[in-house]
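The block underneath contains the structure these notes are about, expressed in structure tokens.
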Amino acid sequence: MHAWPASEVPALPGKGRDLQIHDTATQGTITLAPGPVARIYVCGITPYDATHIGHAATYNAFDLVQRVWLDTKRQVHYVQNVTDVDDPLLERALRDNLDWTELAERETALFREDMTALRMLPPQQYIGAVEAIPGIVPLVERLRDAGAAYELDGDIYFSVGSDANFGKVSNLDAEAMRLLSAERGGDPERPGKKNPLDPMLWMAARPGEPSWDGASLGPGRPGWHIECVAIALDHLGMGFDIQGGGSDLTFPHHEMGASHAQVLTGEFPMAKAYVHAGMVALHGEKMSKSKGNLVFVSALRRAGVDPAAIRLALLSHHYRADWEWTDEVLEQAVARLERWRAAVSRPDGLPADALVEEVREALANDLDAPAALAAVDRWVDAQNASDGDDESAPGLVSRTVDALLGVAL
Ligand code: 5CA
Ligand code: ZN
């Protein structure tokens, strides 16, 4: 699939710092020191509805990761998937009497537009589940042939017992895993499984549902976790720097994906850090397509909200926090954007070299965007109250805000 156009990332004077980031697996902050090419996989959308503020907040976090790395003069290899065939997509298509491929294409196109408007850097590979199927089938065959997967009435399940490191991403106890598995696409109640947590790798064709040639697996479609693993291993290989997504993907999705990859390669861990963004709520409940309590990025754009203000609203919360979207959050962002634009539109101003370092330091410290915004606010307030004469300062501030925060002033 094609991704979306990249916005320019201005180069800043000097060099940024290495990223320290909270790792879910080790439950602490680690300093990542990637090679010349930093590697990141971020789970993409299931395109059955438009991009909401929760999605945008999660993608914003991983966009900051890339901006920090680019500022250290590294290249970034970024891979993202699109879950363009899965139960929720097929169910929504059925409900709305739509062709499921058309629904997926329409919502993916809208997602690209939203990402472009928000100045999110595009992945180098943007891969749909459907196009990944030829690569998924041999992985499932290998797992089965190695005894790490088994058949149940034609479906193929992964055996979590085959991975000695199973559980090391989420650090949950068995009961918590069982509850989350039932809630998030698993089938712990299905009789005949070796372990109730075992996730499906390949679902045998069901009447009325799309299916693909699965070679020795028979016709069917892939399970959710193996989709991301196949794409990540194909393009990034093992031991990549960050596996990213929202905190609702920690279990089962990232736990199972890591196990699949670890058993397939015999290597551990799959990723150096498992990074999870908090959940955005609306009216006290997690924003979710299934509940329908959503604020869409595209609806805000249609209503005339500047995408830079949406981005500032996202940045005003720490990525790991769970937070609530309100009209006030947006109003404050709109007002901040106006203040910042006024400050950098003056022909000269207060020196900003220290500000560049403050923004760098804030982001390198577990992506502390609120601290970065506070640093810019301080410069803006001082600038608006003074008559500094550094002619390069307003431009340097604009470039810093653009390069490190993705906001065009
Ligand atoms: N296609 C799978 C991942 S392979 C999927 O989870 N798709 S999704 O459309 O449901 O979510 C896309 C991303 O947005 C995921 O990283 C998910 O964790 C994140 N996300 C979903 N809802 C929220 C929310 N309310 N707040 C923050 N992030 C969210
Ligand atoms: Zn995923």
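Chain identifiers are assigned as A, B, and so on, following the order in which chains appear in the structure tokens; residues are numbered from 1 within each chain, and ligands are numbered from 1 in order of appearance.
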
Every residue of range 111-230 of chain A that DSSP places in strand (DSSP E or B), as number ranges by chain: A: 125-128, 149-152, 155-158, 200-204, 212, 220-222

Write the residues of the selection above to a file with C-alpha atoms, as a short mmCIF file (atom, residue, chain, number, x, y, z; two decimals), in the first residue's frame.
```cif
data_model
loop_
_atom_site.label_atom_id
_atom_site.label_comp_id
_atom_site.auth_asym_id
_atom_site.auth_seq_id
_atom_site.Cartn_x
_atom_site.Cartn_y
_atom_site.Cartn_z
CA GLN A 125 6.43 0.47 4.47
CA TYR A 126 2.69 0.68 4.92
CA ILE A 127 1.43 -2.88 4.60
CA GLY A 128 -2.08 -4.29 4.57
CA ALA A 149 1.01 -24.66 16.69
CA TYR A 150 -1.85 -27.15 16.44
CA GLU A 151 -5.09 -27.68 14.57
CA LEU A 152 -8.55 -27.46 16.06
CA ASP A 155 -8.28 -23.64 12.58
CA ILE A 156 -4.62 -23.34 13.59
CA TYR A 157 -3.71 -22.14 17.08
CA PHE A 158 -0.38 -20.98 18.49
CA MET A 200 -5.51 -18.20 16.43
CA LEU A 201 -2.86 -18.09 13.71
CA TRP A 202 -5.03 -19.15 10.78
CA MET A 203 -8.81 -19.27 10.64
CA ALA A 204 -10.24 -21.85 8.24
CA TRP A 212 -7.26 -16.95 0.75
CA GLY A 220 -8.68 -19.24 5.33
CA ARG A 221 -7.47 -15.93 6.71
CA PRO A 222 -4.74 -14.91 9.14
#
```

Contacts with ligand 1 at most 7 Å, only C-alpha atoms and all ligand atoms counted, listed as a list in words: Cys43, Gly44, Ile45, Thr46, Pro47, Gly54, His55, Ala57, Thr58, Asn81, Val82, Thr83, Trp224, Cys228, Gly245, Gly246, Ser247, Asp248, Leu249, Ala277, Gly278, Met279, Val280, Ala281, Lys286, Met287 and Ser288 of chain A

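Proximity to Ala148 in chain A at 7 Å, evaluated using only C-alpha atoms and with sequence-adjacent residues fewer than 5 positions away removed, yields Leu143, Phe158, Ser159 and Ser162 of chain A.
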
A:Asp18, A:Asp49, A:Asp348, A:Asp84 ranked by distance to ligand 2, top pick (using only C-alpha atoms and all ligand atoms): A:Asp84

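Closest approach to ligand 2 among A:Arg311, A:His225, A:Arg378, A:Arg346: A:His225, based on only C-alpha atoms and all ligand atoms.
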
Fewer than 5 positions away in the same chain doesn't count, so skip those; otherwise give me all residues within 9 Å of Leu367 in chain A, counting only C-alpha atoms, as a PDB file with N, CA and C atoms, in the first residue's frame.
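around-v6.pdb, written as the output of this step:
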```
ATOM      1  N   LEU A  19      17.199   8.884  23.156  1.00  0.00           N
ATOM      2  CA  LEU A  19      15.877   8.787  23.756  1.00  0.00           C
ATOM      3  C   LEU A  19      15.862   7.833  24.943  1.00  0.00           C
ATOM      4  N   GLN A  20      15.357   8.350  26.062  1.00  0.00           N
ATOM      5  CA  GLN A  20      15.053   7.475  27.209  1.00  0.00           C
ATOM      6  C   GLN A  20      13.566   7.230  27.176  1.00  0.00           C
ATOM      7  N   ILE A  21      13.167   5.974  27.270  1.00  0.00           N
ATOM      8  CA  ILE A  21      11.748   5.688  27.087  1.00  0.00           C
ATOM      9  C   ILE A  21      11.281   4.609  28.052  1.00  0.00           C
ATOM     10  N   ALA A  61       2.543  10.051  19.579  1.00  0.00           N
ATOM     11  CA  ALA A  61       3.648   9.614  20.446  1.00  0.00           C
ATOM     12  C   ALA A  61       4.786   9.033  19.613  1.00  0.00           C
ATOM     13  N   LEU A  64       6.759  11.518  17.624  1.00  0.00           N
ATOM     14  CA  LEU A  64       7.784  12.211  18.432  1.00  0.00           C
ATOM     15  C   LEU A  64       9.044  11.370  18.545  1.00  0.00           C
ATOM     16  N   VAL A  65       8.862  10.055  18.720  1.00  0.00           N
ATOM     17  CA  VAL A  65      10.023   9.157  18.791  1.00  0.00           C
ATOM     18  C   VAL A  65      10.902   9.367  17.561  1.00  0.00           C
ATOM     19  N   VAL A  68      12.752  12.708  17.549  1.00  0.00           N
ATOM     20  CA  VAL A  68      13.921  12.699  18.446  1.00  0.00           C
ATOM     21  C   VAL A  68      15.084  11.971  17.763  1.00  0.00           C
ATOM     22  N   HIS A 318       0.880  14.032  28.458  1.00  0.00           N
ATOM     23  CA  HIS A 318       1.983  13.070  28.343  1.00  0.00           C
ATOM     24  C   HIS A 318       1.475  11.813  27.663  1.00  0.00           C
ATOM     25  N   TYR A 319       2.284  11.242  26.773  1.00  0.00           N
ATOM     26  CA  TYR A 319       1.767  10.118  25.976  1.00  0.00           C
ATOM     27  C   TYR A 319       1.361   8.923  26.828  1.00  0.00           C
ATOM     28  N   ALA A 362      13.417  17.755  27.075  1.00  0.00           N
ATOM     29  CA  ALA A 362      12.076  17.306  27.488  1.00  0.00           C
ATOM     30  C   ALA A 362      11.670  16.065  26.694  1.00  0.00           C
ATOM     31  N   ALA A 372       7.929  20.187  27.037  1.00  0.00           N
ATOM     32  CA  ALA A 372       8.413  20.898  25.838  1.00  0.00           C
ATOM     33  C   ALA A 372       7.506  22.094  25.534  1.00  0.00           C
TER      34      ALA A 372
END
```

Pro36 in chain A surroundings by only C-alpha atoms, 9 Å radius, close-in-sequence under 3 positions cut, as number ranges by chain: A: 73-76

Print the selection's residues with all heavy atoms to a file, as an mmCIF file, in the first residue's frame.
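selection.cif written:
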```cif
data_model
loop_
_atom_site.group_PDB
_atom_site.id
_atom_site.type_symbol
_atom_site.label_atom_id
_atom_site.label_comp_id
_atom_site.auth_asym_id
_atom_site.auth_seq_id
_atom_site.Cartn_x
_atom_site.Cartn_y
_atom_site.Cartn_z
ATOM 1 N N LYS A 73 20.516 12.716 14.245
ATOM 2 C CA LYS A 73 21.138 12.502 12.924
ATOM 3 C C LYS A 73 21.116 11.033 12.508
ATOM 4 O O LYS A 73 21.932 10.586 11.705
ATOM 5 C CB LYS A 73 22.588 13.049 12.858
ATOM 6 C CG LYS A 73 22.758 14.444 13.447
ATOM 7 C CD LYS A 73 21.930 15.491 12.733
ATOM 8 C CE LYS A 73 22.047 16.865 13.427
ATOM 9 N NZ LYS A 73 20.909 17.755 13.153
ATOM 10 N N ARG A 74 20.188 10.283 13.066
ATOM 11 C CA ARG A 74 19.986 8.916 12.585
ATOM 12 C C ARG A 74 18.917 8.920 11.506
ATOM 13 O O ARG A 74 18.099 9.828 11.425
ATOM 14 C CB ARG A 74 19.503 8.016 13.725
ATOM 15 C CG ARG A 74 20.545 7.728 14.778
ATOM 16 C CD ARG A 74 19.938 6.810 15.820
ATOM 17 N NE ARG A 74 20.924 6.379 16.792
ATOM 18 C CZ ARG A 74 21.163 6.998 17.944
ATOM 19 N NH1 ARG A 74 20.519 8.107 18.271
ATOM 20 N NH2 ARG A 74 22.074 6.531 18.766
ATOM 21 N N GLN A 75 18.896 7.827 10.738
ATOM 22 C CA GLN A 75 17.754 7.594 9.871
ATOM 23 C C GLN A 75 16.758 6.753 10.648
ATOM 24 O O GLN A 75 17.117 6.085 11.624
ATOM 25 C CB GLN A 75 18.181 6.815 8.629
ATOM 26 C CG GLN A 75 18.999 7.649 7.676
ATOM 27 C CD GLN A 75 19.462 6.819 6.493
ATOM 28 O OE1 GLN A 75 18.971 5.724 6.238
ATOM 29 N NE2 GLN A 75 20.423 7.353 5.784
ATOM 30 N N VAL A 76 15.523 6.771 10.184
ATOM 31 C CA VAL A 76 14.489 5.978 10.849
ATOM 32 C C VAL A 76 13.858 5.037 9.835
ATOM 33 O O VAL A 76 13.520 5.448 8.720
ATOM 34 C CB VAL A 76 13.399 6.892 11.453
ATOM 35 C CG1 VAL A 76 12.287 6.046 12.074
ATOM 36 C CG2 VAL A 76 14.001 7.834 12.495
#
```

For Arg336 in chain A, the nearest of the candidates A:Lys193, A:Ala205, A:Ala308, A:Val275, counting only C-alpha atoms: A:Ala308

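Minimum distance to ligand 2 across A:Asp353, A:Asp86, A:Asp387, A:Asp114 (counting only C-alpha atoms and all ligand atoms) occurs at A:Asp86.
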